[in-house]
file start-v2.cif (mmCIF, C-alpha atoms and all ligand atoms)
data_my_file
#
loop_
_atom_site.label_atom_id
_atom_site.label_comp_id
_atom_site.auth_asym_id
_atom_site.auth_seq_id
_atom_site.Cartn_x
_atom_site.Cartn_y
_atom_site.Cartn_z
CA MET A 25 0.00 0.00 0.00
CA LYS A 26 1.29 3.38 -1.10
CA CYS A 27 2.14 6.19 1.35
CA HIS A 28 -0.20 9.13 0.73
CA GLN A 29 2.54 11.56 1.55
CA CYS A 30 5.59 10.38 -0.41
CA HIS A 31 4.12 7.47 -2.48
CA SER A 32 6.69 5.01 -1.19
CA LEU A 33 5.54 1.38 -0.98
CA GLU A 34 7.71 0.66 2.05
CA ASN A 35 5.73 0.65 5.28
CA LYS A 36 5.27 -1.35 8.45
CA VAL A 37 2.32 -2.18 10.70
CA ILE A 38 2.88 -0.54 14.06
CA GLU A 39 -0.36 -1.59 15.72
CA SER A 40 -3.04 -4.14 14.91
CA ARG A 41 -6.25 -4.84 16.77
CA ASP A 42 -9.73 -6.29 16.47
CA VAL A 43 -12.53 -3.76 16.17
CA ALA A 44 -16.26 -3.81 15.50
CA ASP A 45 -16.83 -6.82 17.74
CA GLY A 46 -14.12 -8.81 16.03
CA GLU A 47 -15.61 -8.28 12.58
CA ALA A 48 -12.70 -6.18 11.42
CA ILE A 49 -9.01 -5.59 12.04
CA ARG A 50 -7.69 -2.08 12.36
CA ARG A 51 -4.04 -1.52 11.48
CA ARG A 52 -1.88 1.51 12.07
CA ARG A 53 0.79 1.73 9.43
CA GLN A 54 3.87 3.87 9.19
CA CYS A 55 5.82 4.82 6.10
CA LEU A 56 9.44 3.73 6.41
CA VAL A 57 10.61 6.60 4.22
CA CYS A 58 8.83 9.71 5.56
CA GLY A 59 7.27 8.44 8.80
CA TYR A 60 3.68 9.28 7.77
CA ARG A 61 1.09 7.24 9.69
CA TRP A 62 -2.33 6.05 8.55
CA THR A 63 -5.01 3.50 9.39
CA THR A 64 -6.36 0.62 7.34
CA TYR A 65 -9.28 -1.71 8.03
CA GLU A 66 -9.60 -5.28 6.94
CA ARG A 67 -13.08 -6.78 6.95
CA LEU A 68 -15.13 -9.63 5.57
CA GLU A 69 -16.43 -9.04 2.07
CA ARG A 70 -20.15 -9.77 2.09
CA PRO A 71 -22.54 -10.35 -0.79
CA SER A 72 -24.25 -7.16 -1.88
CA LEU A 73 -27.39 -6.12 -0.07
CA VAL A 74 -29.97 -3.85 -1.64
CA VAL A 75 -31.80 -1.19 0.33
CA VAL A 76 -35.33 -0.40 -0.81
CA LYS A 77 -36.17 3.19 -0.02
CA SER A 78 -39.59 4.50 0.95
CA LYS A 79 -40.37 5.58 -2.61
CA GLY A 80 -39.45 2.17 -3.96
CA THR A 81 -36.08 3.13 -5.39
CA ARG A 82 -33.20 0.76 -4.73
CA GLN A 83 -29.64 1.34 -3.75
CA LEU A 84 -26.73 -0.85 -2.68
CA PHE A 85 -26.29 -1.00 1.06
CA SER A 86 -23.22 0.94 2.13
CA ARG A 87 -21.77 0.58 5.60
CA ASP A 88 -19.73 3.74 5.04
CA LYS A 89 -22.89 5.68 4.39
CA LEU A 90 -24.48 4.26 7.51
CA LEU A 91 -21.38 5.10 9.53
CA ASN A 92 -21.27 8.59 8.06
CA GLY A 93 -24.91 9.24 9.00
CA LEU A 94 -24.33 8.02 12.52
CA GLN A 95 -21.18 10.10 12.85
CA LEU A 96 -23.27 13.16 12.02
CA ALA A 97 -25.84 12.19 14.65
CA CYS A 98 -23.11 11.57 17.22
CA ASP A 99 -21.16 14.74 16.42
CA LYS A 100 -19.92 16.41 19.64
CA THR A 101 -21.24 13.67 21.91
CA SER A 102 -19.18 11.29 24.05
CA VAL A 103 -19.60 8.41 21.55
CA THR A 104 -16.19 7.09 20.48
CA SER A 105 -15.31 5.89 16.98
CA VAL A 106 -14.79 2.41 18.41
CA GLN A 107 -18.37 2.39 19.79
CA LEU A 108 -19.70 3.66 16.49
CA GLU A 109 -17.82 1.00 14.50
CA SER A 110 -19.21 -1.72 16.72
CA PHE A 111 -22.76 -0.34 16.49
CA VAL A 112 -22.54 -0.29 12.70
CA ALA A 113 -21.17 -3.86 12.75
CA GLN A 114 -24.15 -4.97 14.85
CA ILE A 115 -26.65 -3.40 12.46
CA GLU A 116 -24.83 -4.84 9.47
CA ARG A 117 -24.84 -8.32 11.02
CA GLU A 118 -28.55 -8.15 11.80
CA LEU A 119 -29.32 -7.10 8.23
CA TYR A 120 -27.20 -9.83 6.65
CA ASP A 121 -28.46 -12.46 9.08
CA ARG A 122 -31.94 -12.05 7.68
CA GLY A 123 -30.65 -13.83 4.61
CA GLU A 124 -32.72 -11.65 2.26
CA PRO A 125 -31.14 -9.94 -0.76
CA GLU A 126 -33.13 -6.78 0.03
CA VAL A 127 -33.92 -4.80 3.18
CA SER A 128 -35.99 -1.65 3.52
CA SER A 129 -34.54 1.68 4.61
CA LYS A 130 -37.25 1.60 7.26
CA ASP A 131 -35.76 -1.60 8.72
CA ILE A 132 -32.38 0.10 8.99
CA GLY A 133 -33.99 3.14 10.60
CA GLU A 134 -35.75 0.95 13.16
CA LEU A 135 -32.51 -0.86 14.05
CA ILE A 136 -30.81 2.49 14.60
CA MET A 137 -33.73 3.75 16.68
CA ALA A 138 -33.58 0.62 18.81
CA GLY A 139 -29.85 0.70 19.48
CA LEU A 140 -28.87 4.36 19.49
CA PRO A 141 -30.30 5.26 22.95
CA ARG A 142 -27.70 2.91 24.47
CA LEU A 143 -24.91 4.90 22.82
CA SER A 144 -26.09 8.45 23.35
CA GLU A 145 -29.36 10.11 24.29
CA VAL A 146 -28.39 13.24 22.40
CA ALA A 147 -27.60 11.33 19.22
CA TYR A 148 -30.85 9.42 19.57
CA VAL A 149 -32.93 12.59 19.92
CA ARG A 150 -31.19 14.13 16.91
CA PHE A 151 -31.69 11.03 14.83
CA ALA A 152 -35.28 10.46 15.96
CA SER A 153 -36.40 14.02 15.32
CA VAL A 154 -35.19 13.90 11.74
CA TYR A 155 -36.08 10.26 11.13
CA ARG A 156 -39.70 10.53 12.32
CA LYS A 157 -40.23 13.38 9.96
CA PHE A 158 -38.72 11.76 6.88
CA ARG A 159 -38.86 7.98 7.39
CA ASP A 160 -36.04 7.68 4.94
CA ILE A 161 -32.36 7.32 5.68
CA SER A 162 -31.16 9.28 2.67
CA SER A 163 -33.22 12.35 3.46
CA PHE A 164 -32.01 11.98 7.02
CA GLU A 165 -28.41 12.15 5.86
CA ARG A 166 -29.16 15.21 3.77
CA GLU A 167 -30.87 16.95 6.68
CA LEU A 168 -28.02 16.21 9.06
CA SER A 169 -25.47 17.40 6.51
CA LYS A 170 -27.40 20.63 6.19
CA ILE A 171 -27.38 21.12 9.94
CA ARG A 172 -23.67 20.44 10.03
CA GLU A 173 -22.90 22.62 7.03
CA SER A 174 -24.71 25.59 8.49
CA LYS A 175 -22.76 25.08 11.71
CA ASP A 176 -19.46 24.80 9.82
CA THR A 177 -20.28 27.85 7.76
CA ALA A 178 -20.81 29.86 10.90
CA ALA A 179 -17.60 28.66 12.51
CA GLN A 180 -15.21 28.28 9.57
CA PRO A 181 -16.56 29.83 6.39
CA LYS A 182 -13.72 28.44 4.24
CA LYS A 183 -14.38 24.78 5.02
CA ALA A 184 -18.12 24.78 4.34
CA LYS A 185 -17.81 23.05 0.96
CA LYS A 186 -16.34 19.87 2.39
CA GLN A 187 -19.60 17.90 2.74
CA ALA A 188 -21.19 19.26 -0.41
CA SER A 189 -19.27 17.24 -2.98
CA LYS A 190 -20.71 13.89 -1.92
CA LYS A 191 -21.40 11.38 -4.69
CA LYS A 192 -24.88 9.98 -5.11
ZN ZN A 201 5.94 8.28 3.08
#

call {"tool": "encode", "arguments": {"input": "start-v2.cif", "output": "C-alpha cells"}}
result
Amino acid sequence: MKCHQCHSLENKVIESRDVADGEAIRRRRQCLVCGYRWTTYERLERPSLVVVKSKGTRQLFSRDKLLNGLQLACDKTSVTSVQLESFVAQIERELYDRGEPEVSSKDIGELIMAGLPRLSEVAYVRFASVYRKFRDISSFERELSKIRESKDTAAQPKKAKKQASKKK
C-alpha cells in the first residue's frame, strides 16, 4: 500500500487490533521513508445487499454511508469511533443475518432507533427528530449534513464546501 505523503511502498504495521466486535481488524501503518502514519481496516467481504427506499427506489447497502450518517448524529457527543464502529457492525450483522437480498430503509432506521439510545441520548434525539419526519435514511443524511454545514459555515466559512461534494 502506497504512502499518501511520499508514495513510497515501504511501510510497516505498528499496531493491529480487532474492532467492531471482532468483525474487522484495524491496522496503524507507518511509512518507512517519511514516517507518515495512517489506518487501514480489513473486513469480511459480504454479498451485496440492496436497500429499498420509501419511494421504492433501490440502492446498494453501504456501511460507510451508515457510519457517516451516525457520525453526524453523534457529532460532539461522548460516543467514540470504536463504539460507532461496533454499532454499525451490529446493524450490518442483523441485516445480513436475515438472509434476504433486500432490506428496507425503514428496517435500517428501526434498528438504529432501537440501538442508538444505548450509545447516546443526544444522538438518539437528533436522529429520531429527523427520522420521524422523513422515514427515509437518505433524506435523514441530507438533513443532518445541512445542519452540520450551516454550523461549519458559521464557525469556519472556508471549510463549508467539504460535505457538499458527496457522490450519489
Ligand atoms: Zn511516506

call {"tool": "residues_near_ligand", "arguments": {"input": "start-v2.cif", "ligand": "ligand ZN 201 (chain A)", "cutoff": "10 Å", "atoms": "all atoms listed in the file", "output": "number ranges by chain"}}
result
A: 26-35, 54-61

call {"tool": "closest_residue", "arguments": {"input": "start-v2.cif", "among": "A:Ala147, A:Met137, A:Leu119, A:Leu68", "to": "Gln95 (chain A)", "atoms": "all atoms listed in the file"}}
result
A:Ala147

call {"tool": "closest_residue", "arguments": {"input": "start-v2.cif", "among": "A:Ile136, A:Val127, A:Ile49, A:Val43", "to": "Leu73 (chain A)", "atoms": "only C-alpha atoms"}}
result
A:Val127

call {"tool": "atom_distance", "arguments": {"input": "start-v2.cif", "atom1": "CA of Tyr65 (chain A)", "atom2": "CA of Ala48 (chain A)"}}
result
6.6 Å

call {"tool": "atom_distance", "arguments": {"input": "start-v2.cif", "atom1": "CA of Thr64 (chain A)", "atom2": "CA of Arg51 (chain A)"}}
result
5.2 Å

call {"tool": "atom_distance", "arguments": {"input": "start-v2.cif", "atom1": "CA of Trp62 (chain A)", "atom2": "CA of Val37 (chain A)"}}
result
9.7 Å

call {"tool": "residues_near_point", "arguments": {"input": "start-v2.cif", "point": "(-27.0, 8.5, 22.8)", "cutoff": "12 Å", "atoms": "all atoms listed in the file", "output": "PyMOL selection string"}}
result
chain A and resi 94-95+97-104+107-108+111+136-152

call {"tool": "residues_around", "arguments": {"input": "start-v2.cif", "residues": "Phe85 (chain A)", "least_positions_apart": "5", "cutoff": "8 Å", "atoms": "all atoms listed in the file", "output": "number ranges by chain"}}
result
A: 72-75

call {"tool": "axis_aligned_box", "arguments": {"input": "start-v2.cif", "around": "region 121-130 of chain A", "padding_each_side": "5 Å", "output": "JSON"}}
result
{"center_x": -32.9, "center_y": -6.1, "center_z": 4.2, "size_x": 18.8, "size_y": 25.5, "size_z": 19.8}

call {"tool": "closest_residue", "arguments": {"input": "start-v2.cif", "among": "A:Leu91, A:Val112, A:Leu84, A:Arg67", "to": "Gly46 (chain A)", "atoms": "all atoms listed in the file"}}
result
A:Arg67

call {"tool": "closest_residue", "arguments": {"input": "start-v2.cif", "among": "A:Glu69, A:Val76, A:Glu47, A:Glu39", "to": "Ser110 (chain A)", "atoms": "only C-alpha atoms"}}
result
A:Glu47

call {"tool": "residues_around", "arguments": {"input": "start-v2.cif", "residues": "Lys77 (chain A)", "least_positions_apart": "2", "cutoff": "7 Å", "atoms": "all atoms listed in the file", "output": "list in words"}}
result
Val75, Lys79, Gly80, Thr81, Arg82, Ser128, Ser129 and Asp160 of chain A
